[in-house]
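Participant: I'm passing along query.pdb; it holds PDB, C-alpha atoms.
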```pdb
ATOM      1  CA  MET A   1     225.284 213.341 216.031
ATOM      2  CA  ILE A   2     228.992 212.825 215.573
ATOM      3  CA  PHE A   3     230.127 215.398 218.176
ATOM      4  CA  GLU A   4     227.436 214.791 220.813
ATOM      5  CA  LYS A   5     229.523 212.396 222.914
ATOM      6  CA  ILE A   6     232.162 215.065 223.622
ATOM      7  CA  HIS A   7     231.632 216.049 227.257
ATOM      8  CA  THR A   8     232.487 219.414 228.776
ATOM      9  CA  VAL A   9     236.271 219.668 229.030
ATOM     10  CA  PRO A  10     237.306 220.685 232.577
ATOM     11  CA  THR A  11     239.881 223.374 233.314
ATOM     12  CA  SER A  12     243.201 222.567 234.940
ATOM     13  CA  ASP A  13     241.993 223.879 238.310
ATOM     14  CA  GLU A  14     238.866 221.722 238.132
ATOM     15  CA  LEU A  15     240.928 218.631 237.361
ATOM     16  CA  ILE A  16     243.428 219.321 240.146
ATOM     17  CA  ASN A  17     240.702 220.002 242.726
ATOM     18  CA  LYS A  18     238.831 216.848 241.756
ATOM     19  CA  ALA A  19     241.937 214.669 241.916
ATOM     20  CA  PHE A  20     243.267 216.010 245.206
ATOM     21  CA  LYS A  21     239.857 215.946 246.917
ATOM     22  CA  ARG A  22     239.400 212.321 245.868
ATOM     23  CA  SER A  23     242.930 211.650 247.094
ATOM     24  CA  ALA A  24     242.196 213.143 250.525
ATOM     25  CA  ARG A  25     239.072 211.006 250.723
ATOM     26  CA  ALA A  26     241.174 207.913 250.082
ATOM     27  CA  MET A  27     243.266 208.830 253.117
ATOM     28  CA  SER A  28     240.345 209.446 255.446
ATOM     29  CA  GLY A  29     239.289 206.561 257.641
ATOM     30  CA  LYS A  30     242.616 204.782 257.353
ATOM     31  CA  THR A  31     244.318 203.760 260.561
ATOM     32  CA  ILE A  32     247.967 204.818 260.586
ATOM     33  CA  ASP A  33     249.768 203.045 263.396
ATOM     34  CA  SER A  34     253.060 202.057 261.792
ATOM     35  CA  ARG A  35     255.567 203.044 259.145
ATOM     36  CA  GLU A  36     254.074 200.516 256.754
ATOM     37  CA  SER A  37     250.545 201.858 257.155
ATOM     38  CA  ARG A  38     251.840 205.446 256.694
ATOM     39  CA  LEU A  39     253.615 204.437 253.477
ATOM     40  CA  ARG A  40     250.539 202.647 252.155
ATOM     41  CA  ALA A  41     248.283 205.601 252.951
ATOM     42  CA  ASN A  42     250.509 208.111 251.117
ATOM     43  CA  GLU A  43     250.962 205.730 248.211
ATOM     44  CA  SER A  44     247.187 205.348 247.999
ATOM     45  CA  MET A  45     246.738 209.135 247.976
ATOM     46  CA  LEU A  46     249.248 209.549 245.144
ATOM     47  CA  LEU A  47     247.856 206.737 243.015
ATOM     48  CA  THR A  48     244.273 207.934 243.521
ATOM     49  CA  ALA A  49     245.130 211.465 242.395
ATOM     50  CA  ALA A  50     247.186 210.229 239.443
ATOM     51  CA  ASN A  51     244.503 207.793 238.289
ATOM     52  CA  ILE A  52     241.809 210.476 238.423
ATOM     53  CA  LEU A  53     243.973 212.778 236.292
ATOM     54  CA  THR A  54     245.107 210.169 233.756
ATOM     55  CA  ASP A  55     241.585 208.765 233.351
ATOM     56  CA  ASN A  56     240.015 212.190 232.860
ATOM     57  CA  LEU A  57     242.676 213.269 230.367
ATOM     58  CA  ALA A  58     242.437 209.999 228.451
ATOM     59  CA  ASN A  59     238.647 210.352 228.273
ATOM     60  CA  ILE A  60     238.968 213.857 226.827
ATOM     61  CA  VAL A  61     241.108 212.512 223.988
ATOM     62  CA  ARG A  62     238.966 209.414 223.462
ATOM     63  CA  ARG A  63     235.682 211.326 223.158
ATOM     64  CA  PHE A  64     236.887 213.480 220.288
ATOM     65  CA  PRO A  65     236.331 211.666 216.969
ATOM     66  CA  SER A  66     239.140 210.417 214.772
ATOM     67  CA  PHE A  67     239.519 213.264 212.297
ATOM     68  CA  GLU A  68     240.839 210.958 209.576
ATOM     69  CA  GLN A  69     237.573 209.006 209.753
ATOM     70  CA  LEU A  70     235.242 212.027 209.745
ATOM     71  CA  PRO A  71     232.964 212.408 206.706
ATOM     72  CA  ARG A  72     234.523 215.038 204.438
ATOM     73  CA  PHE A  73     231.637 217.463 205.081
ATOM     74  CA  TYR A  74     232.260 217.449 208.842
ATOM     75  CA  TYR A  75     236.041 217.459 208.370
ATOM     76  CA  GLU A  76     235.820 220.679 206.350
ATOM     77  CA  LEU A  77     233.417 222.340 208.789
ATOM     78  CA  THR A  78     235.618 221.360 211.744
ATOM     79  CA  ASP A  79     238.675 222.794 210.020
ATOM     80  CA  ILE A  80     236.821 226.020 209.200
ATOM     81  CA  LEU A  81     235.421 226.532 212.687
ATOM     82  CA  VAL A  82     238.243 225.469 215.003
ATOM     83  CA  GLY A  83     241.166 224.172 212.923
ATOM     84  CA  ILE A  84     241.979 220.481 212.575
ATOM     85  CA  GLU A  85     245.713 220.902 213.171
ATOM     86  CA  LYS A  86     245.135 223.023 216.273
ATOM     87  CA  LEU A  87     242.749 220.379 217.594
ATOM     88  CA  LYS A  88     245.273 217.624 216.946
ATOM     89  CA  MET A  89     248.025 219.557 218.734
ATOM     90  CA  SER A  90     245.877 220.231 221.804
ATOM     91  CA  LEU A  91     244.703 216.628 221.974
ATOM     92  CA  ALA A  92     248.320 215.497 221.648
ATOM     93  CA  SER A  93     249.252 217.746 224.584
ATOM     94  CA  VAL A  94     246.476 216.271 226.709
ATOM     95  CA  ASP A  95     247.528 212.744 225.751
ATOM     96  CA  TRP A  96     251.143 213.573 226.635
ATOM     97  CA  ALA A  97     250.059 214.900 230.039
ATOM     98  CA  SER A  98     248.089 211.726 230.735
ATOM     99  CA  ARG A  99     251.064 209.516 229.961
ATOM    100  CA  LYS A 100     253.513 211.784 231.835
ATOM    101  CA  ILE A 101     251.395 211.772 234.976
ATOM    102  CA  HIS A 102     251.242 207.981 234.875
ATOM    103  CA  GLU A 103     255.026 207.821 234.510
ATOM    104  CA  ILE A 104     255.752 210.317 237.310
ATOM    105  CA  SER A 105     253.284 208.768 239.743
ATOM    106  CA  ARG A 106     254.867 205.335 239.340
ATOM    107  CA  SER A 107     258.286 206.852 239.870
ATOM    108  CA  TYR A 108     257.189 208.566 243.074
ATOM    109  CA  VAL A 109     255.549 205.411 244.399
ATOM    110  CA  GLY A 110     259.047 203.917 244.475
ATOM    111  CA  LYS A 111     260.386 206.984 246.245
ATOM    112  CA  ILE A 112     257.614 206.816 248.847
ATOM    113  CA  ARG A 113     258.340 203.161 249.562
ATOM    114  CA  ASN A 114     262.009 203.944 250.144
ATOM    115  CA  SER A 115     261.442 207.038 252.301
ATOM    116  CA  ASP A 116     261.407 207.484 256.047
ATOM    117  CA  LEU A 117     258.932 210.368 255.806
ATOM    118  CA  PRO A 118     256.528 209.751 252.892
ATOM    119  CA  GLU A 119     254.497 212.973 253.265
ATOM    120  CA  PRO A 120     257.135 215.347 251.769
ATOM    121  CA  VAL A 121     257.688 212.948 248.869
ATOM    122  CA  ARG A 122     253.952 212.683 248.200
ATOM    123  CA  LYS A 123     253.564 216.476 248.358
ATOM    124  CA  GLU A 124     256.447 216.870 245.921
ATOM    125  CA  ALA A 125     254.717 214.419 243.596
ATOM    126  CA  PHE A 126     251.468 216.393 243.895
ATOM    127  CA  GLY A 127     253.371 219.520 242.907
ATOM    128  CA  ARG A 128     254.724 217.781 239.799
ATOM    129  CA  LEU A 129     251.269 216.524 238.826
ATOM    130  CA  ALA A 130     249.692 219.957 239.305
ATOM    131  CA  SER A 131     252.452 221.573 237.260
ATOM    132  CA  ILE A 132     251.827 219.222 234.326
ATOM    133  CA  ILE A 133     248.073 219.857 234.416
ATOM    134  CA  LYS A 134     248.552 223.643 234.569
ATOM    135  CA  SER A 135     250.904 223.486 231.583
ATOM    136  CA  ILE A 136     248.055 222.258 229.368
ATOM    137  CA  ASN A 137     245.360 224.619 230.647
ATOM    138  CA  LYS A 138     245.318 226.557 227.359
ATOM    139  CA  ASP A 139     244.768 223.301 225.505
ATOM    140  CA  LEU A 140     241.918 222.334 227.825
ATOM    141  CA  LEU A 141     240.255 225.727 227.387
ATOM    142  CA  PHE A 142     240.588 225.510 223.602
ATOM    143  CA  LEU A 143     239.202 221.976 223.479
ATOM    144  CA  ASN A 144     236.169 222.985 225.524
ATOM    145  CA  GLU A 145     235.570 225.970 223.254
ATOM    146  CA  ALA A 146     235.894 223.693 220.209
ATOM    147  CA  ARG A 147     233.508 221.194 221.793
ATOM    148  CA  ASN A 148     230.887 223.908 222.346
ATOM    149  CA  ILE A 149     231.155 225.014 218.707
ATOM    150  CA  LEU A 150     231.161 221.556 217.135
ATOM    151  CA  ARG A 151     228.119 220.394 219.109
ATOM    152  CA  LYS A 152     226.111 223.113 217.304
ATOM    153  CA  LEU A 153     226.754 221.634 213.882
ATOM    154  CA  PRO A 154     223.609 220.346 212.180
ATOM    155  CA  ASP A 155     222.980 216.623 212.128
ATOM    156  CA  VAL A 156     223.605 216.095 208.425
ATOM    157  CA  GLN A 157     223.481 212.449 207.427
ATOM    158  CA  ASP A 158     225.658 210.791 204.810
ATOM    159  CA  GLU A 159     222.781 210.312 202.377
ATOM    160  CA  PRO A 160     221.475 211.875 199.139
ATOM    161  CA  THR A 161     220.780 215.548 199.775
ATOM    162  CA  ILE A 162     218.797 218.366 198.199
ATOM    163  CA  VAL A 163     220.214 221.778 199.146
ATOM    164  CA  ILE A 164     217.675 224.590 198.830
ATOM    165  CA  ALA A 165     218.881 228.059 197.763
ATOM    166  CA  GLY A 166     217.151 231.355 197.051
ATOM    167  CA  TYR A 167     216.237 234.641 198.698
ATOM    168  CA  PRO A 168     214.261 234.699 201.965
ATOM    169  CA  ASN A 169     210.474 234.323 201.813
ATOM    170  CA  VAL A 170     210.389 232.664 198.376
ATOM    171  CA  GLY A 171     208.871 229.517 199.912
ATOM    172  CA  LYS A 172     211.891 227.300 200.656
ATOM    173  CA  SER A 173     210.726 226.193 204.114
ATOM    174  CA  SER A 174     207.214 225.529 202.785
ATOM    175  CA  PHE A 175     208.732 223.334 200.091
ATOM    176  CA  VAL A 176     210.721 221.356 202.678
ATOM    177  CA  SER A 177     207.604 220.855 204.784
ATOM    178  CA  LYS A 178     205.558 219.852 201.747
ATOM    179  CA  ILE A 179     207.888 217.113 200.505
ATOM    180  CA  THR A 180     208.815 215.738 203.930
ATOM    181  CA  GLY A 181     205.218 215.674 205.153
ATOM    182  CA  ALA A 182     206.189 217.073 208.556
ATOM    183  CA  SER A 183     207.630 220.111 210.220
ATOM    184  CA  PRO A 184     211.366 220.009 209.475
ATOM    185  CA  GLU A 185     213.969 220.055 212.224
ATOM    186  CA  ILE A 186     215.523 223.450 212.917
ATOM    187  CA  ALA A 187     219.108 222.867 214.105
ATOM    188  CA  PRO A 188     221.601 225.427 215.454
ATOM    189  CA  TYR A 189     224.070 226.618 212.842
ATOM    190  CA  PRO A 190     227.403 228.130 213.877
ATOM    191  CA  PHE A 191     227.757 230.449 210.862
ATOM    192  CA  THR A 192     224.591 232.464 211.418
ATOM    193  CA  THR A 193     222.094 233.439 214.098
ATOM    194  CA  LYS A 194     219.449 231.504 212.153
ATOM    195  CA  GLY A 195     219.077 227.739 212.025
ATOM    196  CA  VAL A 196     219.587 225.260 209.238
ATOM    197  CA  THR A 197     216.349 223.520 208.264
ATOM    198  CA  ILE A 198     216.677 219.775 207.710
ATOM    199  CA  GLY A 199     213.912 217.431 206.619
ATOM    200  CA  HIS A 200     213.858 213.817 205.431
ATOM    201  CA  PHE A 201     211.716 211.754 203.088
ATOM    202  CA  THR A 202     211.871 208.228 201.655
ATOM    203  CA  ARG A 203     211.329 207.396 198.012
ATOM    204  CA  ASP A 204     211.591 203.916 196.475
ATOM    205  CA  GLY A 205     213.190 202.665 199.688
ATOM    206  CA  VAL A 206     215.926 205.323 199.695
ATOM    207  CA  ARG A 207     216.066 208.011 202.392
ATOM    208  CA  TYR A 208     216.869 211.557 201.285
ATOM    209  CA  GLN A 209     217.503 214.733 203.244
ATOM    210  CA  VAL A 210     216.531 218.273 202.305
ATOM    211  CA  MET A 211     218.580 221.156 203.672
ATOM    212  CA  ASP A 212     217.825 224.870 203.658
ATOM    213  CA  THR A 213     220.726 226.973 204.968
ATOM    214  CA  PRO A 214     219.488 230.482 205.765
ATOM    215  CA  GLY A 215     222.335 232.960 206.053
ATOM    216  CA  LEU A 216     224.447 231.096 203.499
ATOM    217  CA  LEU A 217     222.592 230.620 200.239
ATOM    218  CA  ASP A 218     220.028 233.412 200.461
ATOM    219  CA  ARG A 219     222.075 236.555 199.740
ATOM    220  CA  PRO A 220     224.804 237.802 197.375
ATOM    221  CA  MET A 221     228.387 236.531 197.719
ATOM    222  CA  SER A 222     229.598 240.050 198.472
ATOM    223  CA  GLU A 223     227.620 239.997 201.736
ATOM    224  CA  ARG A 224     229.225 236.786 202.988
ATOM    225  CA  ASN A 225     232.330 236.675 205.144
ATOM    226  CA  TYR A 226     235.254 234.294 204.679
ATOM    227  CA  ILE A 227     233.938 231.645 207.077
ATOM    228  CA  GLU A 228     230.532 231.614 205.379
ATOM    229  CA  ARG A 229     232.194 231.160 201.990
ATOM    230  CA  GLN A 230     234.189 228.254 203.370
ATOM    231  CA  ALA A 231     231.028 226.749 204.840
ATOM    232  CA  ILE A 232     229.514 226.806 201.361
ATOM    233  CA  THR A 233     232.591 224.967 200.129
ATOM    234  CA  ALA A 234     231.989 222.222 202.699
ATOM    235  CA  ILE A 235     228.530 221.556 201.255
ATOM    236  CA  HIS A 236     230.241 220.414 198.048
ATOM    237  CA  TYR A 237     231.295 217.262 199.878
ATOM    238  CA  LEU A 238     227.721 216.160 200.442
ATOM    239  CA  ASP A 239     226.071 213.805 197.980
ATOM    240  CA  ALA A 240     223.945 216.770 196.930
ATOM    241  CA  VAL A 241     222.129 218.634 194.207
ATOM    242  CA  VAL A 242     220.895 222.220 194.487
ATOM    243  CA  MET A 243     217.382 223.499 193.942
ATOM    244  CA  PHE A 244     217.279 227.272 193.463
ATOM    245  CA  MET A 245     213.852 228.772 194.127
ATOM    246  CA  ILE A 246     212.671 232.022 192.558
ATOM    247  CA  ASP A 247     209.553 234.017 193.432
ATOM    248  CA  PRO A 248     208.431 235.654 190.152
ATOM    249  CA  SER A 249     205.529 237.348 191.939
ATOM    250  CA  GLU A 250     208.124 239.378 193.894
ATOM    251  CA  SER A 251     205.879 239.069 196.963
ATOM    252  CA  CYS A 252     208.997 237.898 198.808
ATOM    253  CA  GLY A 253     210.251 241.499 198.740
ATOM    254  CA  TYR A 254     213.019 240.969 196.168
ATOM    255  CA  GLU A 255     212.821 241.932 192.495
ATOM    256  CA  ILE A 256     213.222 239.264 189.843
ATOM    257  CA  GLU A 257     216.484 240.779 188.593
ATOM    258  CA  ALA A 258     218.034 240.580 192.077
ATOM    259  CA  GLN A 259     216.956 236.942 192.335
ATOM    260  CA  LYS A 260     218.454 236.206 188.913
ATOM    261  CA  HIS A 261     221.713 237.829 189.979
ATOM    262  CA  LEU A 262     221.897 235.576 193.067
ATOM    263  CA  LEU A 263     221.151 232.586 190.848
ATOM    264  CA  ALA A 264     224.028 233.534 188.524
ATOM    265  CA  GLU A 265     226.433 233.899 191.481
ATOM    266  CA  ILE A 266     225.517 230.525 192.956
ATOM    267  CA  ARG A 267     225.771 228.867 189.531
ATOM    268  CA  GLU A 268     229.238 230.331 189.078
ATOM    269  CA  ASN A 269     230.576 229.471 192.514
ATOM    270  CA  PHE A 270     228.624 226.391 193.540
ATOM    271  CA  LYS A 271     229.749 223.487 191.394
ATOM    272  CA  LEU A 272     226.849 221.123 191.958
ATOM    273  CA  PRO A 273     223.958 220.116 189.668
ATOM    274  CA  MET A 274     221.244 222.773 189.910
ATOM    275  CA  LEU A 275     217.524 222.921 189.178
ATOM    276  CA  VAL A 276     215.761 226.308 189.010
ATOM    277  CA  VAL A 277     212.159 226.334 190.244
ATOM    278  CA  ALA A 278     209.668 229.202 190.327
ATOM    279  CA  ASN A 279     207.269 229.170 193.266
ATOM    280  CA  LYS A 280     203.916 230.886 193.896
ATOM    281  CA  ALA A 281     202.387 229.918 190.548
ATOM    282  CA  ASP A 282     198.987 230.245 192.254
ATOM    283  CA  ARG A 283     199.340 234.027 192.600
ATOM    284  CA  SER A 284     197.856 236.399 190.031
ATOM    285  CA  GLU A 285     201.084 238.418 189.808
ATOM    286  CA  PHE A 286     203.150 235.308 188.941
ATOM    287  CA  LYS A 287     205.272 235.732 185.788
ATOM    288  CA  LYS A 288     206.927 233.025 183.688
ATOM    289  CA  ILE A 289     210.728 233.212 183.473
ATOM    290  CA  ASP A 290     212.948 231.621 180.825
ATOM    291  CA  GLU A 291     215.612 230.387 183.283
ATOM    292  CA  VAL A 292     213.064 228.309 185.212
ATOM    293  CA  GLY A 293     212.724 224.548 184.737
ATOM    294  CA  PHE A 294     209.493 224.113 186.722
ATOM    295  CA  ASN A 295     206.666 226.337 187.931
ATOM    296  CA  ILE A 296     205.220 225.213 191.254
ATOM    297  CA  SER A 297     203.006 226.274 194.117
ATOM    298  CA  THR A 298     203.772 225.142 197.646
ATOM    299  CA  VAL A 299     200.224 226.264 198.527
ATOM    300  CA  THR A 300     198.328 224.084 196.025
ATOM    301  CA  GLY A 301     201.019 221.450 195.415
ATOM    302  CA  GLU A 302     201.078 222.218 191.673
ATOM    303  CA  GLY A 303     204.248 220.982 189.934
ATOM    304  CA  ILE A 304     205.936 219.581 193.045
ATOM    305  CA  GLU A 305     205.789 215.944 191.957
ATOM    306  CA  GLY A 306     207.503 216.816 188.668
ATOM    307  CA  VAL A 307     210.216 218.695 190.549
ATOM    308  CA  MET A 308     210.819 215.713 192.791
ATOM    309  CA  ASP A 309     211.118 213.367 189.809
ATOM    310  CA  LYS A 310     213.680 215.676 188.249
ATOM    311  CA  LEU A 311     215.679 216.040 191.465
ATOM    312  CA  MET A 312     215.817 212.255 191.900
ATOM    313  CA  GLN A 313     217.050 211.946 188.326
ATOM    314  CA  MET A 314     219.749 214.582 188.944
ATOM    315  CA  ILE A 315     220.951 212.794 192.081
ATOM    316  CA  GLU A 316     221.283 209.502 190.197
ATOM    317  CA  GLU A 317     223.108 211.200 187.320
ATOM    318  CA  LYS A 318     225.469 212.901 189.765
ATOM    319  CA  ARG A 319     226.249 209.595 191.488
ATOM    320  CA  PHE A 320     226.946 207.921 188.157
ATOM    321  CA  SER A 321     229.147 210.820 187.049
ATOM    322  CA  SER A 322     231.022 210.906 190.391
ATOM    323  CA  SER A 323     231.821 207.196 190.176
ATOM    324  CA  GLU A 324     233.521 207.722 186.806
ATOM    325  CA  GLU A 325     235.415 210.974 187.480
ATOM    326  CA  PRO A 326     238.338 211.678 189.857
ATOM    327  CA  ASP A 327     237.624 213.900 192.857
ATOM    328  CA  THR A 328     238.110 217.601 192.262
ATOM    329  CA  GLU A 329     238.437 220.316 194.877
ATOM    330  CA  PRO A 330     235.663 222.945 194.762
ATOM    331  CA  ALA A 331     236.622 226.604 194.578
ATOM    332  CA  ILE A 332     234.640 229.403 196.154
TER
END
```
What is this structure when it is put down as structure tokens?
Facilitator:
Amino acid sequence: MIFEKIHTVPTSDELINKAFKRSARAMSGKTIDSRESRLRANESMLLTAANILTDNLANIVRRFPSFEQLPRFYYELTDILVGIEKLKMSLASVDWASRKIHEISRSYVGKIRNSDLPEPVRKEAFGRLASIIKSINKDLLFLNEARNILRKLPDVQDEPTIVIAGYPNVGKSSFVSKITGASPEIAPYPFTTKGVTIGHFTRDGVRYQVMDTPGLLDRPMSERNYIERQAITAIHYLDAVVMFMIDPSESCGYEIEAQKHLLAEIRENFKLPMLVVANKADRSEFKKIDEVGFNISTVTGEGIEGVMDKLMQMIEEKRFSSSEEPDTEPAI
């Protein structure tokens, strides 16, 4: 996944302790029997500490992805969760510190070589290095917090996607399992305590993903907070169509009218092609509804093949339409 290579970001104290301990180790075992050997030993300590700091800081910056090259879906989620501009500013601060430490250490190497007593000069340099690292501690803490959040994002591939919507217990997860032929992956999701369900299947040589997002598309808009609404907006940037599932038997615990109301809200606010499917056609209390395009049963498999044909057709039509129309910003 795109954020997996971001390692834990150390605090300023952890960086300083690591650098200075490694520096002391560089000094140990050296024989100091002349001014030249004393100068070389102190220079080695300074350069060791500086290299540890610059390398660690540079690695922090390098491991974060280029935000300009992020897929739009991940760009939007990153901006929602942690703020792209704030991330850029903190990474710029870390990059500045890396370059500043390199500059200062080289300057102090010259001072050590021209000194009679190199220890005070080296200690002064250590103080400067520590001061720079401490000045970016807030940035380091923020970047580690951002890293912990971003690593929880689901592994959503840049491929044709079916987003499943509908109230809980209407059979969405059973549908995902049925069409993927395996138990779908349950990935952590930072907007809810539940997990996003992601499955994959291949049809005519093309791989598709199916995504059920519990906590986002299974309750009225009025119950969602600002971040959840923005997360819904991010889904617009997937190459996706929406399948809304209704349970006309009401065995899910929600009346048909409530399910229709949720359908109307998602239709109004979610500007993607949508197919309405009624599940549990095998139950005696199942009722036919006008708004429904297909009646299916995830228990018997009835109607599922027809639904899949229609969804594939919708994805192709959306791709053709998207290639002819300019991009428009979704509004939630």
Participant: Check the smallest atom-to-atom distance from each of A:His102, A:Lys123, A:Arg147, A:His200 to Glu4 of chain A using all atoms listed in the file, then report the winner.
Facilitator: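 Among the listed residues, the smallest separation from Glu4 of chain A belongs to A:Arg147.
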Participant: At what distance in Å, to one decimal, does atom CA of Lys134 of chain A lie from atom CA of Ile84 of chain A?
Facilitator: 23.2 Å
Participant: Atom CA of Ser98 of chain A and atom CA of Thr54 of chain A, how far apart in Å?
Facilitator: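 Spanning atom CA of Thr54 of chain A to atom CA of Ser98 of chain A is a straight-line distance of 4.5 Å.
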Participant: Just say which residues the PyMOL selection byres ((chain A and resi 23) around 7) picks in this file, as a list in words.
Facilitator: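 This file, filtered by the PyMOL selection byres ((chain A and resi 23) around 7), leaves Ala19, Phe20, Lys21, Arg22, Ala24, Arg25, Ala26, Met27, Met45, Leu46, Thr48 and Ala49 of chain A.
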Participant: List the residues matched by the PyMOL selection byres ((chain A and resi 248) around 9) in the displayed structure as a list in words, ordered by chain and then by residue number.
Facilitator: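 On the file shown, the PyMOL selection byres ((chain A and resi 248) around 9) covers Val170, Ile246, Asp247, Ser249, Glu250, Ser251, Cys252, Glu255, Ile256, Gln259, Ala278, Asn279, Lys280, Ala281, Glu285, Phe286, Lys287, Lys288 and Ile289 of chain A.
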Participant: Which residues, named as in the file, does the PyMOL selection byres ((chain A and resi 131) around 12) pick out? Answer as a ChimeraX atom specification.
Facilitator: /A:12-13,15-16,97,100-101,104,124-130,132-137
Participant: Take the selection from the previous step and output its residues with C-alpha atoms, as an mmCIF file, keeping the file's coordinate frame.
Facilitator:
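Result file follows (part-v8.cif):
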```cif
data_model
loop_
_atom_site.group_PDB
_atom_site.id
_atom_site.type_symbol
_atom_site.label_atom_id
_atom_site.label_comp_id
_atom_site.auth_asym_id
_atom_site.auth_seq_id
_atom_site.Cartn_x
_atom_site.Cartn_y
_atom_site.Cartn_z
ATOM 1 C CA SER A 12 243.201 222.567 234.940
ATOM 2 C CA ASP A 13 241.993 223.879 238.310
ATOM 3 C CA LEU A 15 240.928 218.631 237.361
ATOM 4 C CA ILE A 16 243.428 219.321 240.146
ATOM 5 C CA ALA A 97 250.059 214.900 230.039
ATOM 6 C CA LYS A 100 253.513 211.784 231.835
ATOM 7 C CA ILE A 101 251.395 211.772 234.976
ATOM 8 C CA ILE A 104 255.752 210.317 237.310
ATOM 9 C CA GLU A 124 256.447 216.870 245.921
ATOM 10 C CA ALA A 125 254.717 214.419 243.596
ATOM 11 C CA PHE A 126 251.468 216.393 243.895
ATOM 12 C CA GLY A 127 253.371 219.520 242.907
ATOM 13 C CA ARG A 128 254.724 217.781 239.799
ATOM 14 C CA LEU A 129 251.269 216.524 238.826
ATOM 15 C CA ALA A 130 249.692 219.957 239.305
ATOM 16 C CA ILE A 132 251.827 219.222 234.326
ATOM 17 C CA ILE A 133 248.073 219.857 234.416
ATOM 18 C CA LYS A 134 248.552 223.643 234.569
ATOM 19 C CA SER A 135 250.904 223.486 231.583
ATOM 20 C CA ILE A 136 248.055 222.258 229.368
ATOM 21 C CA ASN A 137 245.360 224.619 230.647
#
```
Participant: Choose the residue, out of A:Ile304, A:Phe142, A:Glu43, A:Met314, that has the smallest atom-to-atom separation from Pro120 of chain A; count all atoms listed in the file.
Facilitator: A:Glu43
Participant: Neighbours of Thr298 of chain A within 9 Å (all atoms listed in the file; same-chain residues fewer than 2 positions away dropped), as a list in words?
Facilitator: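 The residues that qualify are Gly171, Lys172, Ser174, Phe175, Lys178, Asn279, Lys280, Ala281, Asp282, Ile296, Thr300, Gly301, Glu302, Gly303 and Ile304 of chain A.
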